[in-house]
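**Student:** What follows is run.txt; its format and atoms are compact mmCIF, C-alpha atoms.
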# COMPACT_ATOMS: atom_id res chain seq x y z
CA MET A 6 -172.74 -108.39 5.74
CA ALA A 7 -172.04 -104.97 4.21
CA ARG A 8 -170.49 -102.57 6.72
CA ASN A 9 -172.05 -99.46 5.25
CA GLN A 10 -173.72 -97.68 8.16
CA ASP A 11 -171.59 -94.95 9.66
CA PHE A 12 -172.24 -93.21 12.97
CA VAL A 13 -170.99 -90.28 15.00
CA PHE A 14 -172.23 -89.70 18.54
CA THR A 15 -171.35 -86.60 20.54
CA PHE A 16 -172.06 -86.23 24.25
CA MET A 17 -171.23 -82.70 25.25
CA ALA A 18 -170.55 -81.14 28.62
CA SER A 19 -173.44 -80.68 31.01
CA ASN A 20 -176.26 -80.88 28.45
CA ALA A 21 -179.17 -83.17 29.30
CA PHE A 22 -179.41 -86.62 27.76
CA SER A 23 -181.56 -86.53 24.64
CA LEU A 24 -180.57 -88.31 21.46
CA THR A 25 -180.99 -85.81 18.63
CA VAL A 26 -180.31 -86.83 15.04
CA THR A 27 -178.52 -83.93 13.40
CA ASN A 28 -178.26 -82.93 9.78
CA PRO A 29 -174.62 -83.70 8.87
CA ALA A 30 -174.42 -80.42 6.95
CA VAL A 31 -174.95 -78.38 10.13
CA SER A 32 -173.28 -80.72 12.57
CA ARG A 33 -170.27 -79.71 14.69
CA VAL A 34 -168.44 -82.69 13.19
CA PRO A 35 -166.56 -81.60 10.04
CA ILE A 36 -167.70 -84.06 7.37
CA GLY A 37 -165.75 -82.59 4.41
CA PRO A 38 -163.19 -85.45 4.47
CA TYR A 39 -166.00 -88.02 4.65
CA GLN A 40 -167.77 -86.51 1.64
CA ARG A 41 -164.55 -86.53 -0.38
CA ALA A 42 -163.96 -90.17 0.59
CA LEU A 43 -167.50 -91.05 -0.51
CA GLU A 44 -166.84 -89.45 -3.88
CA LEU A 45 -163.51 -91.22 -4.34
CA ARG A 46 -164.87 -94.62 -3.22
CA LYS A 47 -168.36 -94.46 -4.67
CA ALA A 48 -167.76 -97.71 -6.53
CA GLU A 49 -167.87 -99.48 -3.17
CA GLY A 50 -171.57 -98.77 -2.92
CA PRO A 51 -173.94 -96.51 -0.99
CA ARG A 52 -173.49 -95.64 2.69
CA THR A 53 -175.57 -93.91 5.33
CA LEU A 54 -174.26 -91.46 7.89
CA THR A 55 -176.08 -90.80 11.16
CA ILE A 56 -174.89 -88.04 13.47
CA VAL A 57 -176.40 -87.92 16.94
CA GLU A 58 -175.88 -85.18 19.49
CA SER A 59 -176.74 -85.51 23.16
CA GLY A 60 -175.73 -84.74 26.69
CA SER A 61 -175.56 -87.08 29.65
CA GLU A 62 -177.05 -87.89 33.03
CA SER A 63 -175.88 -88.89 36.50
CA ASP A 64 -177.29 -92.40 36.33
CA LEU A 65 -176.31 -93.76 32.95
CA THR A 66 -178.06 -97.12 32.96
CA LYS A 67 -181.15 -95.93 31.04
CA PRO A 68 -179.30 -93.53 28.70
CA VAL A 69 -176.92 -96.31 27.62
CA ALA A 70 -179.86 -98.68 27.04
CA LYS A 71 -181.59 -96.00 24.93
CA ALA A 72 -178.46 -95.34 22.89
CA MET A 73 -178.01 -99.07 22.25
CA GLU A 74 -181.67 -99.37 21.29
CA PHE A 75 -181.17 -96.49 18.85
CA VAL A 76 -178.22 -98.21 17.18
CA ARG A 77 -180.05 -101.56 17.00
CA ASP A 78 -183.03 -99.79 15.46
CA ARG A 79 -180.90 -98.05 12.84
CA THR A 80 -179.09 -101.26 11.94
CA ASN A 81 -182.21 -103.46 12.11
CA GLY A 82 -180.52 -105.37 14.89
CA LYS A 83 -177.52 -106.19 12.71
CA LEU A 84 -174.61 -104.54 14.49
CA ASP A 85 -172.18 -106.06 12.00
CA THR A 86 -173.47 -103.59 9.40
CA ILE A 87 -171.78 -100.79 11.34
CA GLY A 88 -169.05 -99.15 9.32
CA ALA A 89 -167.17 -96.22 10.84
CA PHE A 90 -168.28 -95.43 14.39
CA CYS A 91 -166.95 -92.37 16.21
CA ILE A 92 -167.74 -90.99 19.65
CA VAL A 93 -166.68 -87.58 20.95
CA ALA A 94 -167.51 -86.27 24.41
CA SER A 95 -166.59 -83.66 26.96
CA SER A 96 -166.93 -83.30 30.72
CA ASN A 97 -169.83 -85.32 32.15
CA GLY A 98 -170.62 -86.51 28.60
CA CYS A 99 -167.39 -88.53 28.71
CA SER A 100 -168.94 -90.91 31.23
CA MET A 101 -171.73 -91.58 28.74
CA ALA A 102 -169.16 -92.10 25.99
CA LEU A 103 -167.21 -94.62 28.07
CA ALA A 104 -170.36 -96.49 29.11
CA PHE A 105 -171.69 -96.50 25.56
CA GLY A 106 -168.35 -97.69 24.16
CA ALA A 107 -168.25 -100.52 26.71
CA ALA A 108 -171.86 -101.49 25.90
CA LEU A 109 -171.16 -101.61 22.15
CA LYS A 110 -168.18 -103.87 22.76
CA LYS A 111 -170.23 -106.14 25.02
CA ALA A 112 -172.98 -106.35 22.37
CA GLY A 113 -170.46 -107.56 19.78
CA ALA A 114 -170.36 -104.41 17.63
CA PRO A 115 -167.30 -103.94 15.40
CA ARG A 116 -164.37 -102.09 16.89
CA LEU A 117 -164.97 -98.35 17.14
CA SER A 118 -163.12 -96.17 14.66
CA TYR A 119 -162.49 -93.41 17.14
CA ILE A 120 -163.35 -92.26 20.63
CA GLY A 121 -162.22 -88.90 21.95
CA VAL A 122 -162.94 -87.52 25.40
CA ALA A 123 -162.09 -84.13 26.91
CA ASP A 124 -161.73 -83.53 30.67
CA VAL A 125 -163.38 -86.74 31.82
CA THR A 126 -164.90 -86.09 35.24
CA PHE A 127 -162.83 -87.94 37.83
CA PHE A 128 -164.41 -87.95 41.28
CA PRO A 129 -161.96 -87.97 44.20
CA PHE A 130 -164.12 -90.40 46.17
CA GLY A 131 -165.65 -92.19 43.21
CA ARG A 132 -168.75 -91.61 41.15
CA ASP A 133 -172.06 -92.78 42.58
CA PRO A 134 -173.74 -94.39 40.76
CA ALA A 135 -170.72 -95.75 38.94
CA VAL A 136 -170.45 -95.54 35.16
CA PRO A 137 -171.81 -98.85 33.76
CA GLY A 138 -168.88 -100.86 32.49
CA ALA A 139 -166.29 -98.18 33.24
CA GLY A 140 -166.44 -97.93 37.02
CA ALA A 141 -166.37 -95.14 39.60
CA LEU A 142 -163.72 -93.05 37.80
CA GLN A 143 -161.74 -92.62 40.99
CA PRO A 144 -158.04 -91.74 40.84
CA ARG A 145 -155.72 -94.57 41.88
CA ASN A 146 -152.75 -92.40 42.84
CA ALA A 147 -152.16 -89.75 45.50
CA PRO A 148 -151.37 -86.15 44.51
CA LEU A 149 -148.11 -84.28 44.95
CA ILE A 150 -148.58 -80.86 46.51
CA PHE A 151 -147.21 -78.01 44.43
CA GLY A 152 -148.26 -74.99 46.45
CA GLY A 153 -151.01 -72.78 47.74
CA ILE A 154 -152.53 -69.56 46.50
CA ASP A 155 -150.06 -66.76 45.84
CA ALA A 156 -149.35 -64.82 49.01
CA GLY A 157 -150.97 -61.42 48.76
CA ALA A 158 -153.57 -62.54 46.27
CA SER A 159 -155.62 -64.29 48.92
CA ASP A 160 -157.66 -61.26 49.90
CA ILE A 161 -158.74 -60.64 46.31
CA VAL A 162 -159.49 -64.30 45.74
CA LEU A 163 -161.41 -64.75 48.96
CA SER A 164 -163.36 -61.56 48.41
CA ALA A 165 -164.69 -63.14 45.23
CA LEU A 166 -166.19 -65.85 47.44
CA LYS A 167 -164.01 -68.51 45.92
CA VAL A 168 -161.96 -71.05 47.81
CA HIS A 169 -158.61 -72.15 46.51
CA TYR A 170 -157.16 -75.50 47.48
CA PRO A 171 -153.42 -76.15 47.20
CA ARG A 172 -152.34 -76.80 43.65
CA THR A 173 -151.01 -80.14 42.47
CA GLY A 174 -149.08 -78.87 39.46
CA ARG A 175 -148.52 -80.21 35.96
CA LEU A 176 -146.34 -83.14 36.97
CA SER A 177 -148.89 -84.61 39.34
CA VAL A 178 -151.70 -86.15 37.30
CA PRO A 179 -154.57 -88.30 38.57
CA GLU A 180 -154.83 -91.68 36.85
CA VAL A 181 -157.95 -93.76 36.34
CA VAL A 182 -158.15 -97.37 35.21
CA LEU A 183 -161.41 -98.33 33.52
CA ASN A 184 -163.08 -101.56 34.65
CA GLU A 185 -163.93 -102.56 31.08
CA ASP A 186 -162.01 -100.68 28.46
CA VAL A 187 -163.40 -99.37 25.21
CA ASP A 188 -162.22 -101.07 22.03
CA ALA A 189 -161.31 -98.46 19.41
CA GLU A 190 -158.72 -97.92 16.71
CA ARG A 191 -157.85 -94.65 18.38
CA ARG A 192 -158.65 -93.64 21.95
CA ARG A 193 -157.85 -90.03 22.74
CA ASN A 194 -158.08 -88.37 26.13
CA PHE A 195 -157.44 -84.62 26.40
CA PHE A 196 -157.28 -82.97 29.80
CA GLN A 197 -156.02 -79.98 31.73
CA THR A 198 -154.45 -79.91 35.18
CA GLU A 199 -154.76 -76.20 36.02
CA GLY A 200 -158.06 -76.95 37.74
CA ASN A 201 -156.65 -79.80 39.85
CA HIS A 202 -155.93 -79.27 43.53
CA ALA A 203 -155.57 -81.27 46.73
CA LYS A 204 -157.14 -81.20 50.14
CA LEU A 205 -156.30 -82.72 53.51
CA VAL A 206 -159.03 -85.30 54.13
CA LYS A 207 -159.92 -87.39 57.15
CA LYS A 208 -159.29 -90.60 55.25
CA THR A 209 -158.11 -91.08 51.67
CA PRO A 210 -159.45 -93.88 49.45
CA LEU A 211 -156.03 -95.48 49.90
CA GLY A 212 -156.84 -95.76 53.61
CA MET A 213 -154.48 -93.07 54.92
CA PRO A 214 -155.86 -90.99 57.83
CA PHE A 215 -155.58 -87.20 57.53
CA ASP A 216 -153.67 -87.24 54.29
CA TRP A 217 -153.80 -85.32 51.01
CA TRP A 218 -156.16 -86.30 48.25
CA TRP A 219 -157.39 -84.89 44.95
CA PHE A 220 -159.90 -82.06 45.11
CA SER A 221 -161.06 -78.91 43.34
CA SER A 222 -163.58 -76.16 43.88
CA MET A 223 -165.83 -77.74 41.23
CA LYS A 224 -168.95 -79.69 42.12
CA PHE A 225 -168.03 -82.90 43.97
CA GLY A 226 -164.39 -81.77 43.79
CA GLU A 227 -163.94 -83.21 40.30
CA VAL A 228 -160.45 -83.36 38.84
CA HIS A 229 -159.05 -84.32 35.44
CA GLY A 230 -156.25 -86.52 34.23
CA GLU A 231 -155.13 -89.66 32.42
CA LEU A 232 -157.01 -92.79 31.43
CA VAL A 233 -154.48 -95.59 31.78
CA GLY A 234 -153.71 -97.20 28.42
CA TRP A 235 -155.19 -94.37 26.36
CA ASP A 236 -153.50 -91.81 24.14
CA ASN A 237 -153.44 -89.03 26.74
CA LYS A 238 -152.57 -85.41 26.07
CA ARG A 239 -152.43 -82.52 28.54
CA PHE A 240 -153.44 -79.03 27.40
CA ASP A 241 -152.87 -75.65 29.03
CA ALA A 242 -156.14 -74.02 30.09
CA ASP A 243 -156.50 -70.28 30.54
CA GLY A 244 -159.31 -69.87 33.08
CA LEU A 245 -159.17 -67.92 36.33
CA PHE A 246 -161.04 -70.55 38.32
CA ASP A 247 -161.35 -74.33 38.19
CA ASP A 248 -164.68 -74.24 36.34
CA GLU A 249 -163.28 -71.86 33.77
CA ASN A 250 -160.23 -74.05 33.14
CA HIS A 251 -162.55 -77.00 32.63
CA ASN A 252 -164.84 -75.04 30.33
CA ASP A 253 -161.85 -73.94 28.29
CA LEU A 254 -161.07 -77.61 27.57
CA CYS A 255 -164.71 -78.31 26.72
CA SER A 256 -165.08 -75.50 24.21
CA VAL A 257 -165.98 -76.82 20.76
CA SER A 258 -164.10 -74.06 18.94
CA PRO A 259 -161.90 -75.75 16.32
CA ALA A 260 -158.65 -74.62 17.99
CA LYS A 261 -159.69 -75.85 21.41
CA PRO A 262 -159.22 -79.46 22.61
CA THR A 263 -162.83 -80.61 22.19
CA GLY A 264 -162.90 -78.93 18.78
CA ILE A 265 -159.75 -80.86 17.86
CA LEU A 266 -161.41 -84.12 18.91
CA LEU A 267 -164.36 -83.34 16.62
CA THR A 268 -161.97 -82.70 13.74
CA GLU A 269 -160.15 -85.97 14.41
CA ALA A 270 -163.48 -87.80 14.51
CA GLY A 271 -164.32 -86.28 11.11
CA ALA A 272 -161.02 -87.62 9.73
CA ALA A 273 -161.59 -91.07 11.27
CA LEU A 274 -165.07 -91.16 9.77
CA ALA A 275 -163.55 -90.71 6.31
CA ARG A 276 -161.56 -93.92 6.75
CA PHE A 277 -164.72 -96.03 6.75
CA PRO A 278 -164.15 -99.76 6.19
CA ARG A 279 -164.81 -101.48 2.89
CA PRO A 280 -168.35 -102.79 2.78
CA MET B 5 -161.93 -73.34 78.69
CA PRO B 6 -160.88 -72.16 75.22
CA SER B 7 -161.16 -74.66 72.40
CA LEU B 8 -160.65 -74.79 68.68
CA GLN B 9 -163.75 -74.31 66.52
CA SER B 10 -162.86 -75.08 62.91
CA GLU B 11 -163.59 -78.51 61.45
CA LEU B 12 -159.92 -78.92 60.65
CA PHE B 13 -158.56 -78.32 64.14
CA ARG B 14 -161.51 -79.14 66.39
CA GLY B 15 -160.88 -82.14 68.65
CA ASP B 16 -157.18 -82.41 67.86
CA ALA B 17 -155.71 -83.02 71.32
CA ARG B 18 -152.22 -81.83 70.36
CA LEU B 19 -153.44 -78.53 68.93
CA GLU B 20 -155.95 -78.00 71.73
CA THR B 21 -153.01 -78.29 74.12
CA CYS B 22 -151.05 -75.85 71.99
CA LEU B 23 -153.83 -73.36 72.61
CA ILE B 24 -153.32 -73.40 76.37
CA ARG B 25 -149.79 -74.59 77.13
CA ASP B 26 -146.47 -72.98 76.14
CA SER B 27 -144.70 -76.35 76.26
CA ALA B 28 -146.98 -77.60 73.48
CA HIS B 29 -146.00 -74.88 71.00
CA VAL B 30 -145.17 -76.26 67.56
CA THR B 31 -141.53 -75.66 66.72
CA LEU B 32 -138.96 -76.62 64.09
CA GLY B 33 -138.46 -80.38 63.76
CA THR B 34 -141.87 -81.36 65.17
CA GLU B 35 -143.66 -84.15 63.29
CA GLY B 36 -147.20 -85.48 63.37
CA GLU B 37 -150.68 -85.49 61.92
CA PHE B 38 -151.34 -82.08 63.51
CA VAL B 39 -148.48 -80.64 61.43
CA SER B 40 -150.33 -81.71 58.25
CA LYS B 41 -153.34 -79.74 59.48
CA ILE B 42 -151.21 -76.65 60.07
CA GLN B 43 -149.62 -77.03 56.61
CA TYR B 44 -153.04 -77.34 54.97
CA ALA B 45 -154.34 -74.25 56.78
CA LEU B 46 -151.26 -72.27 55.75
CA LEU B 47 -151.58 -73.26 52.07
CA VAL B 48 -155.26 -72.38 51.76
CA LEU B 49 -155.10 -69.24 53.91
CA HIS B 50 -151.77 -67.75 53.02
CA GLY B 51 -150.21 -69.66 50.12
CA GLY B 52 -146.63 -70.48 49.25
CA ARG B 53 -144.83 -73.76 48.68
CA ILE B 54 -143.98 -76.52 51.10
CA PRO B 55 -141.56 -79.18 49.81
CA GLU B 56 -142.92 -82.68 49.31
CA VAL B 57 -140.55 -84.08 51.95
CA GLU B 58 -142.14 -81.89 54.65
CA ILE B 59 -145.63 -82.72 53.40
CA ARG B 60 -145.01 -86.49 53.31
CA ARG B 61 -143.14 -86.62 56.64
CA ARG B 62 -145.73 -84.28 58.25
CA LEU B 63 -142.69 -82.31 59.31
CA TYR B 64 -142.62 -78.80 60.69
CA GLY B 65 -139.50 -78.04 58.68
CA ARG B 66 -137.82 -74.83 57.54
CA GLU B 67 -140.21 -74.14 54.66
CA THR B 68 -143.31 -74.70 56.78
CA ALA B 69 -141.84 -72.48 59.49
CA GLY B 70 -141.06 -69.85 56.83
CA ILE B 71 -144.69 -69.69 55.76
CA VAL B 72 -145.77 -69.50 59.41
CA LEU B 73 -143.48 -66.49 59.82
CA ALA B 74 -144.90 -64.82 56.70
CA TYR B 75 -148.46 -65.53 57.86
CA LYS B 76 -147.73 -64.10 61.32
CA ARG B 77 -146.15 -60.98 59.82
CA ARG B 78 -149.15 -60.41 57.58
CA ARG B 79 -151.58 -60.98 60.45
CA ARG B 80 -149.30 -59.05 62.84
CA ILE B 81 -149.23 -61.88 65.35
CA ILE B 82 -146.65 -60.66 67.85
CA ASN B 83 -146.65 -61.15 71.60
CA PHE B 84 -145.45 -57.67 72.59
CA SER B 85 -145.01 -58.74 76.21
CA TYR B 86 -141.69 -60.31 75.27
CA GLN B 87 -140.99 -59.72 71.55
CA GLN B 88 -140.87 -56.92 68.95
CA ALA B 89 -141.24 -59.04 65.79
CA ALA B 90 -143.05 -62.18 64.70
CA ASP B 91 -141.34 -65.56 65.08
CA ASP B 92 -141.82 -68.85 63.23
CA ILE B 93 -143.45 -70.80 66.03
CA VAL B 94 -147.10 -71.87 66.22
CA GLY B 95 -148.09 -70.83 69.71
CA LYS B 96 -151.33 -69.87 71.40
CA MET B 97 -151.97 -66.70 69.39
CA THR B 98 -151.06 -68.32 66.06
CA ILE B 99 -153.22 -71.42 66.46
CA ARG B 100 -156.10 -69.17 67.55
CA ALA B 101 -155.65 -67.01 64.42
CA LEU B 102 -155.35 -70.03 62.12
CA ASP B 103 -158.48 -71.52 63.68
CA ALA B 104 -160.46 -68.29 63.22
CA ASP B 105 -159.33 -67.96 59.59
CA MET B 106 -160.14 -71.62 58.90
CA LEU B 107 -163.65 -71.10 60.25
CA VAL B 108 -164.17 -68.37 57.64
CA PHE B 109 -162.56 -70.51 54.92
CA GLU B 110 -164.81 -73.48 55.74
CA ALA B 111 -167.89 -71.24 55.65
CA ARG B 112 -166.83 -69.98 52.21
CA GLU B 113 -166.17 -73.55 51.16
CA ARG B 114 -169.73 -74.54 52.02
CA LEU B 115 -171.13 -71.45 50.31
CA ASN B 116 -169.05 -72.12 47.22
CA GLN B 117 -170.98 -75.34 46.60
CA PHE B 118 -174.11 -73.27 46.01
CA LEU B 119 -172.65 -70.56 43.80
CA PRO B 120 -173.75 -70.67 40.15
CA LYS B 121 -171.19 -72.18 37.81
CA PRO B 122 -170.08 -70.34 34.65
CA PRO B 123 -171.69 -71.66 31.44
CA VAL B 124 -169.66 -73.83 29.09
CA ARG B 125 -168.23 -71.79 26.24
CA ALA B 126 -169.54 -72.70 22.81
Go through the file and emit its structure as structure tokens.

**Tutor:**
Amino acid sequence: MARNQDFVFTFMASNAFSLTVTNPAVSRVPIGPYQRALELRKAEGPRTLTIVESGSESDLTKPVAKAMEFVRDRTNGKLDTIGAFCIVASSNGCSMALAFGAALKKAGAPRLSYIGVADVTFFPFGRDPAVPGAGALQPRNAPLIFGGIDAGASDIVLSALKVHYPRTGRLSVPEVVLNEDVDAERRRNFFQTEGNHAKLVKKTPLGMPFDWWWFSSMKFGEVHGELVGWDNKRFDADGLFDDENHNDLCSVSPAKPTGILLTEAGAALARFPRP
Amino acid sequence: MPSLQSELFRGDARLETCLIRDSAHVTLGTEGEFVSKIQYALLVLHGGRIPEVEIRRRLYGRETAGIVLAYKRRRRIINFSYQQAADDIVGKMTIRALDADMLVFEARERLNQFLPKPPVRA
């Protein structure tokens, strides 16, 4: 079977789930390298490229089924015709990327060319409902406490109606193990730790009463860190608050982490397999 | 009968006793779950750094006491009936002040959940 159908899926930030086929010429994914590769390897035969942009949802069961249905439809049910397949996601979209990657593997699709995720949302007490295939994305390790807000700055900070939990610092990184891992030639995970903090909780998931656990001032106290077994890279974020640090990572500007993932996906796409 | 109001301190027998009895003041070398609560309140209300060993042992050590002293100086918590300057002990006045400040912090914490989030930069 000719592996001549190439795909890129992007699931960005807090956008709603809606699979939108995008004209490659105006896509956020740089396809210059892919076009050059097509020219150089045109003797190998024609190929199709489908770029899909979407967001995500809280319950991913239906979105994943729809994405799989889309791929089956495009390939006429023959997943072994998939050539290069890249997925890039940020924030809540990462959960969709992980679930989709796991579903493709389960369905017997060829190994993904590339998957890149930026600031995957880790929930201190687990995601509910869990990400199909991936799990609850709950950290497995306890934080180290780095320090509180700067003395003297508290009045300014509090007057802005923001709460600041003790920082956990760069050296203390939450780790998540996926239930079913994604099979890809390259698995990249970019994250920042400036938005990570800790809180004293009545009971930690590790069973310790009144102990410290991961937290932030973001919704559901989400934090960001490493996916065990992945190619992880920490970036410095330059926001004033936790949400801003997170948004800095999720920016699609070429120099920013999510922008870099899109560029890497464009390069991976150009290394499509021989038909 | 006075009692602690914040979610953090409310119902903690050791700290409730601290509020009414001099012998239950929290001093250097004290250990326990209630020390973790004091450390947490200090870090969110005042700031500073507490070494991991004091955090993990739930120990009212020198660094924790140092932040208590700084907090008391800033809040001007001094019992003028017998002292001219703040000390590094958590006594009746200090636990009352920490409790009042935590009540405000917890209210802000709840409010924060409803504040609009900044949009993602494109």

**Student:** Of the candidates B:Glu58, B:Glu37, B:Glu67, B:Asp103, which one gets nearest to chain A if we count only C-alpha atoms?

**Tutor:**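 So, comparing all the options, the nearest one is B:Glu37.
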
**Student:** What is the distance between atom CA of Trp219 of chain A and atom CA of Ser10 of chain B, in Å to one decimal?

**Tutor:** 21.2 Å

**Student:** Show me, as JSON lines, the residues of chain A having an atom within 6 Å of chain B, each with the closest atom pair and its distance in Å, using all atoms listed in the file.

**Tutor:**
{"residue": "A:Gly152", "atom": "CA", "partner": "B:Arg53", "partner_atom": "CA", "distance": 4.3}
{"residue": "A:Gly153", "atom": "CA", "partner": "B:Gly51", "partner_atom": "CA", "distance": 4.0}
{"residue": "A:Ile154", "atom": "CA", "partner": "B:Gly51", "partner_atom": "CA", "distance": 4.3}
{"residue": "A:Asp155", "atom": "CA", "partner": "B:Gly51", "partner_atom": "CA", "distance": 5.2}
{"residue": "A:Ala156", "atom": "CA", "partner": "B:Gly51", "partner_atom": "CA", "distance": 5.0}
{"residue": "A:Val168", "atom": "CA", "partner": "B:Glu113", "partner_atom": "CA", "distance": 5.9}
{"residue": "A:Tyr170", "atom": "CA", "partner": "B:Val48", "partner_atom": "CA", "distance": 5.6}
{"residue": "A:Pro171", "atom": "CA", "partner": "B:Leu47", "partner_atom": "CA", "distance": 6.0}
{"residue": "A:Asn252", "atom": "CA", "partner": "B:Val124", "partner_atom": "CA", "distance": 5.1}
{"residue": "A:Ser256", "atom": "CA", "partner": "B:Arg125", "partner_atom": "CA", "distance": 5.3}
{"residue": "A:Val257", "atom": "CA", "partner": "B:Ala126", "partner_atom": "CA", "distance": 5.8}

**Student:** Give me the residues near segment 84-97 of chain B as a list of chain:residue names, where near means some atom within 8 Å (using only C-alpha atoms) and where sequence neighbours in that chain fewer than 5 positions away do not count.

**Tutor:**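 Near neighbours after the sequence-gap exclusion: B:Cys22, B:Leu23, B:Ile24, B:Arg25, B:Asp26, B:Ala28, B:His29, B:Val30, B:Thr31, B:Leu32, B:Ala69, B:Gly70, B:Val72, B:Leu73, B:Lys76, B:Arg77.
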
**Student:** Have a look at atom CA of Lys238 of chain A and atom CA of Pro179 of chain A and let me know their distance in Å, one decimal.

**Tutor:** 13.0 Å

**Student:** Quote the spacing between atom CA of Gln197 of chain A and atom CA of Ser95 of chain A in Å to one decimal place.

**Tutor:** 12.2 Å

**Student:** Can you tell me, as a list in words, what residues are no more than 10 Å from Tyr39 of chain A when counting only C-alpha atoms, ignoring any on the same chain fewer than 2 positions away?

**Tutor:** Pro35, Ile36, Gly37, Arg41, Ala42, Leu43, Glu44, Leu45, Leu54, Gly271, Ala272, Ala273, Leu274, Ala275, Arg276 and Phe277 of chain A

**Student:** Quick one: residues within 7 Å of Thr126 of chain A, all atoms listed in the file counted, chain neighbours fewer than 3 positions away excluded, as an MDAnalysis selection string?

**Tutor:** chainID A and resid 96:97 227:229

**Student:** Could you name the residues that touch Asp216 of chain A at 8 Å or less, counting only C-alpha atoms, but leaving out those on the same chain fewer than 2 positions away, as a list in words?

**Tutor:**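 Contacts, in chain order: Leu205, Val206, Lys207, Lys208, Thr209, Met213, Pro214 and Trp218 of chain A; Ser40 of chain B.
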
**Student:** Please complete segment 38-51 of chain A with N, CA and C atoms and give it back as a compact mmCIF listing (two decimals), in the frame of the given file.

**Tutor:**
# COMPACT_ATOMS: atom_id res chain seq x y z
N PRO A 38 -164.01 -84.28 4.85
CA PRO A 38 -163.19 -85.45 4.47
C PRO A 38 -164.05 -86.68 4.14
N TYR A 39 -165.11 -86.87 4.87
CA TYR A 39 -166.00 -88.02 4.65
C TYR A 39 -166.66 -87.91 3.27
N GLN A 40 -167.12 -86.70 2.94
CA GLN A 40 -167.77 -86.51 1.64
C GLN A 40 -166.79 -86.73 0.49
N ARG A 41 -165.56 -86.30 0.67
CA ARG A 41 -164.55 -86.53 -0.38
C ARG A 41 -164.27 -88.02 -0.52
N ALA A 42 -164.21 -88.72 0.63
CA ALA A 42 -163.96 -90.17 0.59
C ALA A 42 -165.12 -90.89 -0.10
N LEU A 43 -166.33 -90.45 0.16
CA LEU A 43 -167.50 -91.05 -0.51
C LEU A 43 -167.40 -90.90 -2.02
N GLU A 44 -166.96 -89.73 -2.46
CA GLU A 44 -166.84 -89.45 -3.88
C GLU A 44 -165.77 -90.34 -4.51
N LEU A 45 -164.63 -90.43 -3.81
CA LEU A 45 -163.51 -91.22 -4.34
C LEU A 45 -163.82 -92.72 -4.35
N ARG A 46 -164.63 -93.17 -3.37
CA ARG A 46 -164.87 -94.62 -3.22
C ARG A 46 -166.32 -94.98 -3.52
N LYS A 47 -166.94 -94.22 -4.42
CA LYS A 47 -168.36 -94.46 -4.67
C LYS A 47 -168.63 -95.82 -5.31
N ALA A 48 -167.60 -96.38 -5.91
CA ALA A 48 -167.76 -97.71 -6.53
C ALA A 48 -168.01 -98.78 -5.48
N GLU A 49 -167.68 -98.48 -4.23
CA GLU A 49 -167.87 -99.48 -3.17
C GLU A 49 -169.34 -99.59 -2.74
N GLY A 50 -170.15 -98.68 -3.25
CA GLY A 50 -171.57 -98.77 -2.92
C GLY A 50 -172.05 -97.68 -1.98
N PRO A 51 -173.37 -97.58 -1.82
CA PRO A 51 -173.94 -96.51 -0.99
C PRO A 51 -173.69 -96.72 0.50
